Each structure stands twice: as C-alpha cells, then as structure tokens.
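One file, run.txt, carrying compact mmCIF, C-alpha atoms:
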```txt
# COMPACT_ATOMS: atom_id res chain seq x y z
CA MET A 190 7.04 -2.38 -19.27
CA ILE A 191 7.47 -5.78 -20.97
CA ALA A 192 5.90 -9.03 -19.89
CA GLN A 193 8.25 -11.62 -18.48
CA LYS A 194 7.96 -15.36 -18.17
CA GLY A 195 5.85 -16.30 -15.16
CA GLY A 196 3.22 -13.60 -15.60
CA SER A 197 4.93 -10.83 -13.65
CA LEU A 198 5.92 -7.34 -14.71
CA LEU A 199 3.18 -6.93 -17.32
CA PRO A 200 2.25 -3.48 -18.66
CA ARG A 201 0.21 -1.58 -16.10
CA PHE A 202 -1.50 1.29 -17.79
CA GLY A 203 -3.32 -0.26 -20.77
CA LEU A 204 -7.07 -0.52 -20.30
CA HIS A 205 -7.87 -3.11 -22.95
CA PHE A 206 -6.03 -6.30 -22.09
CA ILE A 207 -6.54 -9.28 -19.83
CA ARG A 208 -3.76 -9.92 -17.33
CA VAL A 209 -3.23 -13.55 -16.48
CA ASN A 210 -0.97 -14.47 -13.61
CA PRO A 211 -0.39 -18.24 -13.91
CA CYS A 212 0.38 -18.30 -10.20
CA SER A 213 -3.17 -17.27 -9.35
CA SER A 214 -6.61 -18.69 -9.90
CA VAL A 215 -7.86 -15.17 -10.58
CA VAL A 216 -7.96 -13.76 -14.12
CA LYS A 217 -8.03 -9.97 -13.99
CA LYS A 218 -9.77 -8.05 -16.73
CA PHE A 219 -9.02 -4.36 -16.56
CA VAL A 220 -12.10 -2.21 -16.67
CA ALA A 221 -12.30 0.97 -18.71
CA SER A 222 -12.39 3.32 -15.74
CA PRO A 223 -9.35 5.61 -15.50
CA LEU A 224 -9.88 5.81 -11.74
CA LEU A 225 -8.21 3.56 -9.22
CA LEU A 226 -10.72 4.62 -6.59
CA ASP A 227 -13.74 6.88 -6.69
CA PHE A 228 -15.25 7.66 -3.29
CA GLN A 229 -17.99 10.24 -2.94
CA HIS A 230 -19.74 11.17 0.32
CA LEU A 231 -18.40 8.36 2.51
CA THR A 232 -19.33 8.48 6.17
CA VAL A 233 -17.71 5.68 8.15
CA PRO A 234 -18.50 4.98 11.83
CA ARG A 235 -16.18 3.12 14.18
CA GLY A 236 -17.48 2.50 17.64
CA ASP A 237 -19.51 5.45 18.87
CA ARG A 238 -18.08 8.10 16.51
CA PHE A 239 -17.71 8.92 12.83
CA VAL A 240 -14.11 8.60 11.66
CA LEU A 241 -14.65 9.67 8.03
CA VAL A 242 -17.31 12.33 7.49
CA ASP A 243 -18.83 13.06 4.05
CA PHE A 244 -15.48 12.02 2.60
CA SER A 245 -14.81 12.27 -1.15
CA LEU A 246 -11.64 11.21 -2.98
CA GLN A 247 -10.62 10.20 -6.49
CA VAL A 248 -7.26 8.65 -7.38
CA ARG A 249 -6.27 7.95 -10.98
CA ARG A 250 -4.69 4.72 -12.14
CA GLY A 251 -0.93 5.00 -12.17
CA GLU A 252 -0.95 7.98 -9.81
CA HIS A 253 1.33 8.18 -6.75
CA VAL A 254 -0.36 9.84 -3.77
CA ALA A 255 0.65 10.58 -0.19
CA LEU A 256 -2.01 10.91 2.49
CA LEU A 257 -0.69 12.95 5.42
CA GLY A 258 -2.36 13.45 8.76
CA PRO A 259 -1.89 13.24 12.52
CA ASN A 260 -2.77 10.15 14.50
CA GLY A 261 -6.53 9.69 14.69
CA SER A 262 -7.21 11.63 11.50
CA GLY A 263 -8.84 8.67 9.72
CA LYS A 264 -5.94 7.43 7.59
CA SER A 265 -6.09 3.79 8.69
CA THR A 266 -9.88 3.80 8.48
CA LEU A 267 -9.62 4.90 4.86
CA ILE A 268 -7.36 1.91 4.12
CA LYS A 269 -9.88 -0.44 5.71
CA ALA A 270 -12.61 1.15 3.58
CA ILE A 271 -10.51 0.50 0.47
CA THR A 272 -9.96 -3.15 1.43
CA ARG A 273 -13.64 -3.60 2.36
CA GLU A 274 -12.84 -4.46 5.95
CA ILE A 275 -15.33 -1.77 6.95
CA TYR A 276 -18.12 -0.11 4.97
CA PRO A 277 -19.62 3.38 4.84
CA ILE A 278 -23.17 4.21 5.77
CA ASP A 279 -25.49 3.79 2.79
CA ARG A 280 -26.96 7.04 1.47
CA PRO A 281 -28.48 8.18 -1.87
CA ASP A 282 -25.43 10.17 -3.00
CA LEU A 283 -22.84 7.53 -1.99
CA ARG A 284 -20.30 6.40 -4.57
CA TYR A 285 -17.97 3.63 -3.44
CA GLU A 286 -16.06 2.36 -6.46
CA LEU A 287 -12.69 0.70 -7.00
CA LEU A 288 -11.51 0.36 -10.61
CA GLY A 289 -15.00 1.35 -11.76
CA ARG A 290 -16.75 -1.38 -9.78
CA THR A 291 -18.78 -1.50 -6.58
CA ASP A 292 -19.34 -5.27 -6.38
CA TRP A 293 -16.01 -6.66 -5.24
CA ASP A 294 -15.25 -10.04 -3.75
CA VAL A 295 -12.62 -9.39 -1.09
CA ASN A 296 -10.38 -12.20 -2.38
CA ASP A 297 -10.44 -10.75 -5.91
CA LEU A 298 -9.70 -7.30 -4.54
CA ARG A 299 -6.43 -8.51 -3.02
CA GLY A 300 -5.20 -9.26 -6.52
CA HIS A 301 -5.50 -5.59 -7.48
CA PHE A 302 -4.47 -3.85 -4.24
CA GLY A 303 -1.42 -4.96 -2.27
CA ILE A 304 -1.61 -3.85 1.36
CA VAL A 305 1.31 -3.39 3.77
CA ALA A 306 -0.23 -2.29 7.06
CA LEU A 307 1.19 -2.02 10.55
CA ASP A 308 -1.55 -4.14 12.10
CA LEU A 309 -0.52 -7.03 9.85
CA LEU A 310 3.13 -6.46 10.76
CA HIS A 311 2.23 -6.67 14.44
CA HIS A 312 0.78 -10.15 13.87
CA LEU A 313 4.20 -11.37 12.80
CA SER A 314 5.40 -11.67 16.39
CA HIS A 315 2.70 -14.23 17.23
CA GLU A 316 1.86 -15.94 13.94
CA VAL A 317 5.30 -16.14 12.38
CA THR A 318 7.83 -16.24 15.21
CA LEU A 319 6.73 -19.53 16.75
CA ARG A 320 6.78 -21.34 13.38
CA ARG A 321 10.03 -19.75 12.17
CA VAL A 322 8.50 -18.71 8.85
CA THR A 323 11.15 -17.69 6.32
CA ALA A 324 11.04 -14.75 3.90
CA ARG A 325 10.39 -17.14 1.00
CA GLU A 326 7.50 -18.77 2.84
CA LEU A 327 6.03 -15.43 3.88
CA ILE A 328 6.03 -14.15 0.29
CA LEU A 329 4.55 -17.37 -1.09
CA SER A 330 1.85 -17.35 1.58
CA GLY A 331 0.28 -14.37 -0.18
CA TYR A 332 -1.16 -16.87 -2.65
CA PHE A 333 -3.05 -18.56 0.17
CA ASN A 334 -3.99 -15.46 2.22
CA SER A 335 -2.04 -16.77 5.19
CA LEU A 336 1.06 -15.77 7.12
CA GLY A 337 3.48 -18.52 6.22
CA LEU A 338 2.90 -21.86 4.52
CA TRP A 339 1.02 -24.80 6.02
CA PRO A 340 1.28 -28.53 5.15
CA HIS A 341 -1.85 -28.45 2.97
CA HIS A 342 -0.50 -25.61 0.78
CA ARG A 343 0.83 -26.81 -2.57
CA VAL A 344 3.30 -24.39 -4.16
CA LYS A 345 3.72 -24.68 -7.93
CA PRO A 346 7.10 -24.26 -9.65
CA VAL A 347 5.92 -21.11 -11.42
CA GLN A 348 4.97 -19.64 -8.04
CA GLU A 349 8.44 -20.42 -6.71
CA ARG A 350 9.99 -18.61 -9.69
CA HIS A 351 7.75 -15.61 -9.13
CA ALA A 352 8.71 -15.47 -5.43
CA ARG A 353 12.40 -15.61 -6.32
CA ALA A 354 11.94 -12.74 -8.78
CA ILE A 355 10.28 -10.67 -6.04
CA LEU A 356 13.10 -11.44 -3.61
CA ARG A 357 15.60 -10.20 -6.19
CA PHE A 358 13.60 -7.06 -6.92
CA LEU A 359 13.40 -6.24 -3.20
CA GLU A 360 17.12 -7.02 -2.80
CA ILE A 361 16.55 -9.65 -0.13
CA SER A 362 17.44 -12.87 -1.99
CA HIS A 363 20.03 -13.54 0.73
CA LEU A 364 17.19 -13.63 3.27
CA ALA A 365 15.07 -16.20 1.42
CA ASN A 366 15.64 -18.97 3.95
CA ARG A 367 16.11 -16.82 7.04
CA ALA A 368 13.38 -16.82 9.67
CA VAL A 369 11.44 -13.56 9.62
CA SER A 370 11.74 -13.43 13.41
CA GLU A 371 15.53 -13.13 13.03
CA MET A 372 15.36 -10.16 10.64
CA SER A 373 15.57 -6.47 11.38
CA SER A 374 12.37 -4.41 11.21
CA GLY A 375 13.37 -3.01 7.83
CA GLU A 376 14.02 -6.50 6.42
CA GLN A 377 10.67 -7.71 7.76
CA ARG A 378 8.91 -4.87 5.97
CA ARG A 379 10.58 -5.74 2.69
CA ALA A 380 9.37 -9.32 3.11
CA MET A 381 5.85 -8.06 3.80
CA ILE A 382 5.99 -5.94 0.66
CA GLY A 383 7.00 -9.10 -1.18
CA ARG A 384 3.89 -10.83 0.11
CA ALA A 385 1.78 -7.88 -1.07
CA LEU A 386 3.39 -8.04 -4.54
CA ILE A 387 2.78 -11.73 -5.10
CA HIS A 388 -0.39 -11.19 -7.17
CA ASP A 389 1.27 -8.40 -9.19
CA PRO A 390 -1.22 -5.77 -7.92
CA GLU A 391 -1.99 -2.60 -9.79
CA ALA A 392 -1.61 -0.51 -6.63
CA LEU A 393 0.41 -0.82 -3.45
CA ILE A 394 -0.95 0.74 -0.26
CA LEU A 395 1.54 1.36 2.54
CA ASP A 396 0.36 2.34 6.02
CA GLU A 397 3.02 4.18 8.06
CA PRO A 398 5.82 2.10 6.51
CA THR A 399 8.77 3.78 8.28
CA ASN A 400 7.39 3.79 11.82
CA SER A 401 9.88 2.42 14.39
CA LEU A 402 12.74 2.08 11.87
CA ASP A 403 16.19 3.41 12.72
CA PRO A 404 17.62 6.21 10.51
CA GLY A 405 19.63 3.89 8.29
CA ALA A 406 16.67 1.59 7.71
CA VAL A 407 14.45 4.59 6.96
CA ARG A 408 16.88 5.79 4.30
CA ASP A 409 17.05 2.34 2.69
CA PHE A 410 13.28 1.92 2.83
CA ARG A 411 12.65 5.24 1.12
CA ARG A 412 15.06 4.21 -1.62
CA LEU A 413 12.97 1.04 -2.03
CA LEU A 414 9.78 3.14 -2.25
CA ARG A 415 11.33 5.05 -5.15
CA LYS A 416 12.16 1.79 -6.89
CA LEU A 417 8.57 0.57 -6.43
CA ALA A 418 7.17 3.83 -7.80
CA ARG A 419 9.37 3.63 -10.88
CA ALA A 420 8.28 0.02 -11.50
CA GLY A 421 4.92 1.23 -12.78
CA ARG A 422 2.33 0.48 -10.10
CA SER A 423 0.39 3.12 -8.19
CA LEU A 424 1.56 3.95 -4.69
CA LEU A 425 -0.80 5.18 -1.99
CA LEU A 426 1.40 6.16 0.94
CA VAL A 427 -0.27 6.79 4.29
CA THR A 428 2.03 8.50 6.77
CA HIS A 429 2.56 11.35 9.21
CA HIS A 430 6.27 11.63 8.30
CA ILE A 431 6.72 14.36 5.70
CA ALA A 432 10.14 13.00 4.70
CA ASP A 433 8.42 9.79 3.49
CA VAL A 434 7.01 11.75 0.54
CA ILE A 435 9.48 10.60 -2.11
CA PRO A 436 10.10 12.67 -5.28
CA GLU A 437 7.94 10.35 -7.41
CA ILE A 438 4.87 11.34 -5.37
CA GLU A 439 3.43 14.50 -6.89
CA ARG A 440 0.05 14.69 -5.15
CA VAL A 441 -0.42 15.14 -1.41
CA ILE A 442 -3.69 14.97 0.53
CA LEU A 443 -3.90 16.47 4.01
CA LEU A 444 -6.38 14.69 6.29
CA ARG A 445 -7.59 15.82 9.68
CA ASP A 446 -10.59 14.79 11.80
CA GLY A 447 -11.93 12.55 9.06
CA ARG A 448 -12.02 15.27 6.43
CA ILE A 449 -9.72 16.43 3.65
CA LEU A 450 -8.12 19.67 4.71
CA ALA A 451 -6.33 20.24 1.39
CA ASP A 452 -5.50 18.27 -1.75
CA GLY A 453 -3.13 19.22 -4.53
CA PRO A 454 0.40 19.29 -5.94
CA LYS A 455 3.13 18.50 -3.44
CA ALA A 456 4.81 21.92 -3.65
CA ARG A 457 1.57 23.67 -2.66
CA MET A 458 0.65 21.21 0.09
CA LEU A 459 4.00 20.87 1.88
CA THR A 460 4.30 24.40 3.22
CA SER A 461 5.00 25.56 6.75
CA ALA A 462 1.58 27.19 7.08
CA ARG A 463 -0.42 24.18 5.86
CA LEU A 464 1.47 21.59 7.91
CA SER A 465 1.39 23.73 11.05
CA ARG A 466 -2.38 23.87 10.71
CA LEU A 467 -2.61 20.14 9.94
CA PHE A 468 -0.59 18.98 12.95
CA GLY A 469 -1.58 21.77 15.35
CA ALA A 470 2.01 22.85 15.99
CA LYS A 471 4.35 25.46 14.62
CA LEU A 472 6.42 23.68 11.97
CA ARG A 473 8.98 24.85 9.46
CA VAL A 474 9.24 22.96 6.19
CA VAL A 475 12.74 22.43 4.84
CA ARG A 476 13.27 21.42 1.23
CA LYS A 477 16.49 19.89 -0.06
CA GLY A 478 16.33 19.17 -3.76
CA GLN A 479 13.22 17.01 -4.29
CA MET A 480 12.93 15.96 -0.64
CA TYR A 481 10.95 17.61 2.17
CA ASP A 482 11.16 17.51 5.95
CA VAL A 483 10.05 19.59 8.93
CA MET A 484 11.82 21.22 11.83
```
Step by step, read the file and then write its structure as structure tokens.
Amino acid sequence: MIAQKGGSLLPRFGLHFIRVNPCSSVVKKFVASPLLLDFQHLTVPRGDRFVLVDFSLQVRRGEHVALLGPNGSGKSTLIKAITREIYPIDRPDLRYELLGRTDWDVNDLRGHFGIVALDLLHHLSHEVTLRRVTARELILSGYFNSLGLWPHHRVKPVQERHARAILRFLEISHLANRAVSEMSSGEQRRAMIGRALIHDPEALILDEPTNSLDPGAVRDFRRLLRKLARAGRSLLLVTHHIADVIPEIERVILLRDGRILADGPKARMLTSARLSRLFGAKLRVVRKGQMYDVM
C-alpha cells in the first residue's frame, strides 16, 4: 500500500520504518515483533469470579481472526485486557505483550488498536444525542479521546482532510454534517469505525458489530468488513454470529467459559459438531461459497 498525503494509508506490514501521522502527537515506531498480541497464562477476575482462566493466545501482525463464543464466554473481557482497561493477575509465567511490549501508555495504545465496542456505542444516546454531534465531529473527536468536539478542541486542516478521506472510504461522506442521533444503527457504526480509524491503527477490534442491525444493514456492514480487511490492517472480530466471519478471516477461535475450546483454520472450526458443543445446542452449519451460517 502506498503512502498518501496527510499520513494515512501507509504500508502496514514492514517492521523497519517509522510511521508519522501529522494529525497526531504520537510518533509510532514499529517494533520487530511479528506478533500483534502475545498472551500467555492470563487469569482475569471480574467481580467475584474468574472470567479468563489460564488464557493463552498469539495473533500475528496482519492476521484476520474471529473470536466466537456464547454470551458470558469472556470475549468482551479479552477486549478490555487488550485495551488495558483491566489487567490479569500477576504470576511468574505471565506474558502480557502487545506488539512485543509490556509497558504501554493507554493513550499510545489507542494509536495502534482501533476499538469499536458496543459499550461505547451505547454511550452515544447520552453523550452525543443532546449535543447533536455530527459524523464529521465524531470522527475528528478520536484525536481528542472524546465523543464529539468541544470548544477547546482545535482541529488542524490536515486533520480535516484525514477525516474527509475516512468518510469517503466508509462511504458516508453524505452523512458528514448529519447528527449521529438522526442516523440508522448501521450508519452510526460506520461513524464509530471512522473514529477508530482516525489514528490509522494497525489493528481494528470489533465487538459484536452486527448486533441489533436489520438484515439489510447486516449485509452492508459485512461488505464494509471485507473492505476493511482488504485495506491491509488486522481485524479481530468478536462475535457470536457465525455469518459475520467474512471470507478474508481464515482463523477462528472458539471461546467458552473463559477458555479456548478450539483454535485453527476456519474450515476446521466452523463445523456442526464444534459449534453445537460451543453453544450447547444442536446446530447445523451451512456453507455457501466462502460464507458460513447455522440453522
């Protein structure tokens, strides 16, 4: 992929260069590790129980991965462990690395991992609706770690150009000045993805991205996921909808009760027997071309 004016769309898989986004105060030097994340023996408590138990997972840079599991299996907890919102219990054999590093500042981490999570989407109704934040403002607010722009925020021309490029890529330029509160759920999610892309992250993490969307919006959103995957950044898709596993995702991880039940190539993971065991119900996997679903 070729660099464009404004610092966006730089090559993603080289390990030797410095990426400078002129829209950000952060200069990102890629480390030599080939791993996006390297977790070994994570045990994560939440409340009075352990949600992840002796959990180990490695994901390579540039890899597209789907994490499947029923509600309560630990999927959202894993995302919070990646973003350093929660931490595992310290133990001698613990490895807790992102891009080869353990010592991350949370603000720097946001520049490498773009997060689109349902709990952030739920905040839109309160934080964004009253102020009539537009799609443009929501995307630009990623620079300031806010939801929408405030009077003290100073947006630079290069940041405006970058936001417009993201709007075009996501095919929502026509929504730039529309209030997010007046958009459909699918349009809101595209705007949230735009916010997550503002720092040109190496990986995009999506938590249950098609929940509550109508069938037409689901179809359009999955088409967008394919476009994102082909753009060169890693996708980590967290879902319990088998049909969300787009063709570009080759690796599937099955998670249940805080443990990895199985991990491997998509064709071996998405079988009737494995998914019936995962979800505790008799399921029949149907494959049509490169797409999967259950009945």
- Message: Neighbouring residues of Val475 in chain A were defined as those with any atom within 10 Å, considering only C-alpha atoms; residues of the same chain fewer than 4 positions away were excluded. Please report them as a ChimeraX atom specification.
- Response: /A:432,459-461,480-484
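Of note, CA of Asn334 in chain A and CA of Ala380 in chain A are spaced 14.7 Å apart.
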- Item | Selection near range 233-245 of chain A, 10 Å with all atoms listed in the file, sequence-local residues under 5 positions removed, as a list in words |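 Everything that qualifies: Asp227, Phe228, Gly261, Ser262, Gly263, Lys264, Ser265, Thr266, Leu267, Ala270, Ile275, Tyr276, Pro277, Ile278, Asp279, Leu283, Arg284, Tyr285, Leu444, Arg445, Asp446, Gly447, Arg448 and Ile449 of chain A.
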Write a file of the just-selected residues containing C-alpha atoms, as a PDB file, in the coordinates of the input.
```
ATOM      1  CA  ASP A 227     -13.740   6.880  -6.690  1.00  0.00           C
ATOM      2  CA  PHE A 228     -15.250   7.660  -3.290  1.00  0.00           C
ATOM      3  CA  GLY A 261      -6.530   9.690  14.690  1.00  0.00           C
ATOM      4  CA  SER A 262      -7.210  11.630  11.500  1.00  0.00           C
ATOM      5  CA  GLY A 263      -8.840   8.670   9.720  1.00  0.00           C
ATOM      6  CA  LYS A 264      -5.940   7.430   7.590  1.00  0.00           C
ATOM      7  CA  SER A 265      -6.090   3.790   8.690  1.00  0.00           C
ATOM      8  CA  THR A 266      -9.880   3.800   8.480  1.00  0.00           C
ATOM      9  CA  LEU A 267      -9.620   4.900   4.860  1.00  0.00           C
ATOM     10  CA  ALA A 270     -12.610   1.150   3.580  1.00  0.00           C
ATOM     11  CA  ILE A 275     -15.330  -1.770   6.950  1.00  0.00           C
ATOM     12  CA  TYR A 276     -18.120  -0.110   4.970  1.00  0.00           C
ATOM     13  CA  PRO A 277     -19.620   3.380   4.840  1.00  0.00           C
ATOM     14  CA  ILE A 278     -23.170   4.210   5.770  1.00  0.00           C
ATOM     15  CA  ASP A 279     -25.490   3.790   2.790  1.00  0.00           C
ATOM     16  CA  LEU A 283     -22.840   7.530  -1.990  1.00  0.00           C
ATOM     17  CA  ARG A 284     -20.300   6.400  -4.570  1.00  0.00           C
ATOM     18  CA  TYR A 285     -17.970   3.630  -3.440  1.00  0.00           C
ATOM     19  CA  LEU A 444      -6.380  14.690   6.290  1.00  0.00           C
ATOM     20  CA  ARG A 445      -7.590  15.820   9.680  1.00  0.00           C
ATOM     21  CA  ASP A 446     -10.590  14.790  11.800  1.00  0.00           C
ATOM     22  CA  GLY A 447     -11.930  12.550   9.060  1.00  0.00           C
ATOM     23  CA  ARG A 448     -12.020  15.270   6.430  1.00  0.00           C
ATOM     24  CA  ILE A 449      -9.720  16.430   3.650  1.00  0.00           C
TER      25      ILE A 449
END
```
- Message: I want to know what sits within 10 Å of His253 in chain A, based on only C-alpha atoms, with residues of the same chain fewer than 6 positions away left out; could you give that as a PyMOL selection string?
- Response: chain A and resi 392-393+418+421-426+434-441
- Message: So the first atom is CA of Ile355 in chain A and the second is CA of Leu256 in chain A; what is the distance between them in Å, to one decimal place?
- Response: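 It comes out at 26.3 Å.
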- Query: Out of A:Gly478, A:Ala255, A:Leu246, A:Ala354, which residue has the shortest atom-to-atom distance to Asp396 in chain A when counting only C-alpha atoms?
  - Reply: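 Using only C-alpha atoms, the shortest distance to Asp396 in chain A belongs to A:Ala255.
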- Query: Which of these residues is nearest to Lys455 in chain A, using all atoms listed in the file: A:Leu364, A:Ile271, A:Leu356, A:Leu443?
  - Reply: A:Leu443
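Between CA of Arg379 in chain A and CA of Arg325 in chain A lies a distance of 11.5 Å.
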- Message: Can you tell me which residues surround Phe468 in chain A at a distance of at most 8 Å, considering all atoms listed in the file, apart from same-chain residues fewer than 2 positions away, and format the answer as a count of residues only?
- Response: 6
- Task: Quick one: everything within 12 Å of Asp409 in chain A, counting all atoms listed in the file, minus sequence neighbours fewer than 3 positions away in the same chain. Send it as a PyMOL selection string.
- Result: chain A and resi 359-360+374-376+378-379+398-399+402-406+412-416+433
Selected residues, C-alpha atoms, written as an mmCIF file, keeping the file's coordinate frame, please.
```cif
data_model
loop_
_atom_site.group_PDB
_atom_site.id
_atom_site.type_symbol
_atom_site.label_atom_id
_atom_site.label_comp_id
_atom_site.auth_asym_id
_atom_site.auth_seq_id
_atom_site.Cartn_x
_atom_site.Cartn_y
_atom_site.Cartn_z
ATOM 1 C CA LEU A 359 13.400 -6.240 -3.200
ATOM 2 C CA GLU A 360 17.120 -7.020 -2.800
ATOM 3 C CA SER A 374 12.370 -4.410 11.210
ATOM 4 C CA GLY A 375 13.370 -3.010 7.830
ATOM 5 C CA GLU A 376 14.020 -6.500 6.420
ATOM 6 C CA ARG A 378 8.910 -4.870 5.970
ATOM 7 C CA ARG A 379 10.580 -5.740 2.690
ATOM 8 C CA PRO A 398 5.820 2.100 6.510
ATOM 9 C CA THR A 399 8.770 3.780 8.280
ATOM 10 C CA LEU A 402 12.740 2.080 11.870
ATOM 11 C CA ASP A 403 16.190 3.410 12.720
ATOM 12 C CA PRO A 404 17.620 6.210 10.510
ATOM 13 C CA GLY A 405 19.630 3.890 8.290
ATOM 14 C CA ALA A 406 16.670 1.590 7.710
ATOM 15 C CA ARG A 412 15.060 4.210 -1.620
ATOM 16 C CA LEU A 413 12.970 1.040 -2.030
ATOM 17 C CA LEU A 414 9.780 3.140 -2.250
ATOM 18 C CA ARG A 415 11.330 5.050 -5.150
ATOM 19 C CA LYS A 416 12.160 1.790 -6.890
ATOM 20 C CA ASP A 433 8.420 9.790 3.490
#
```
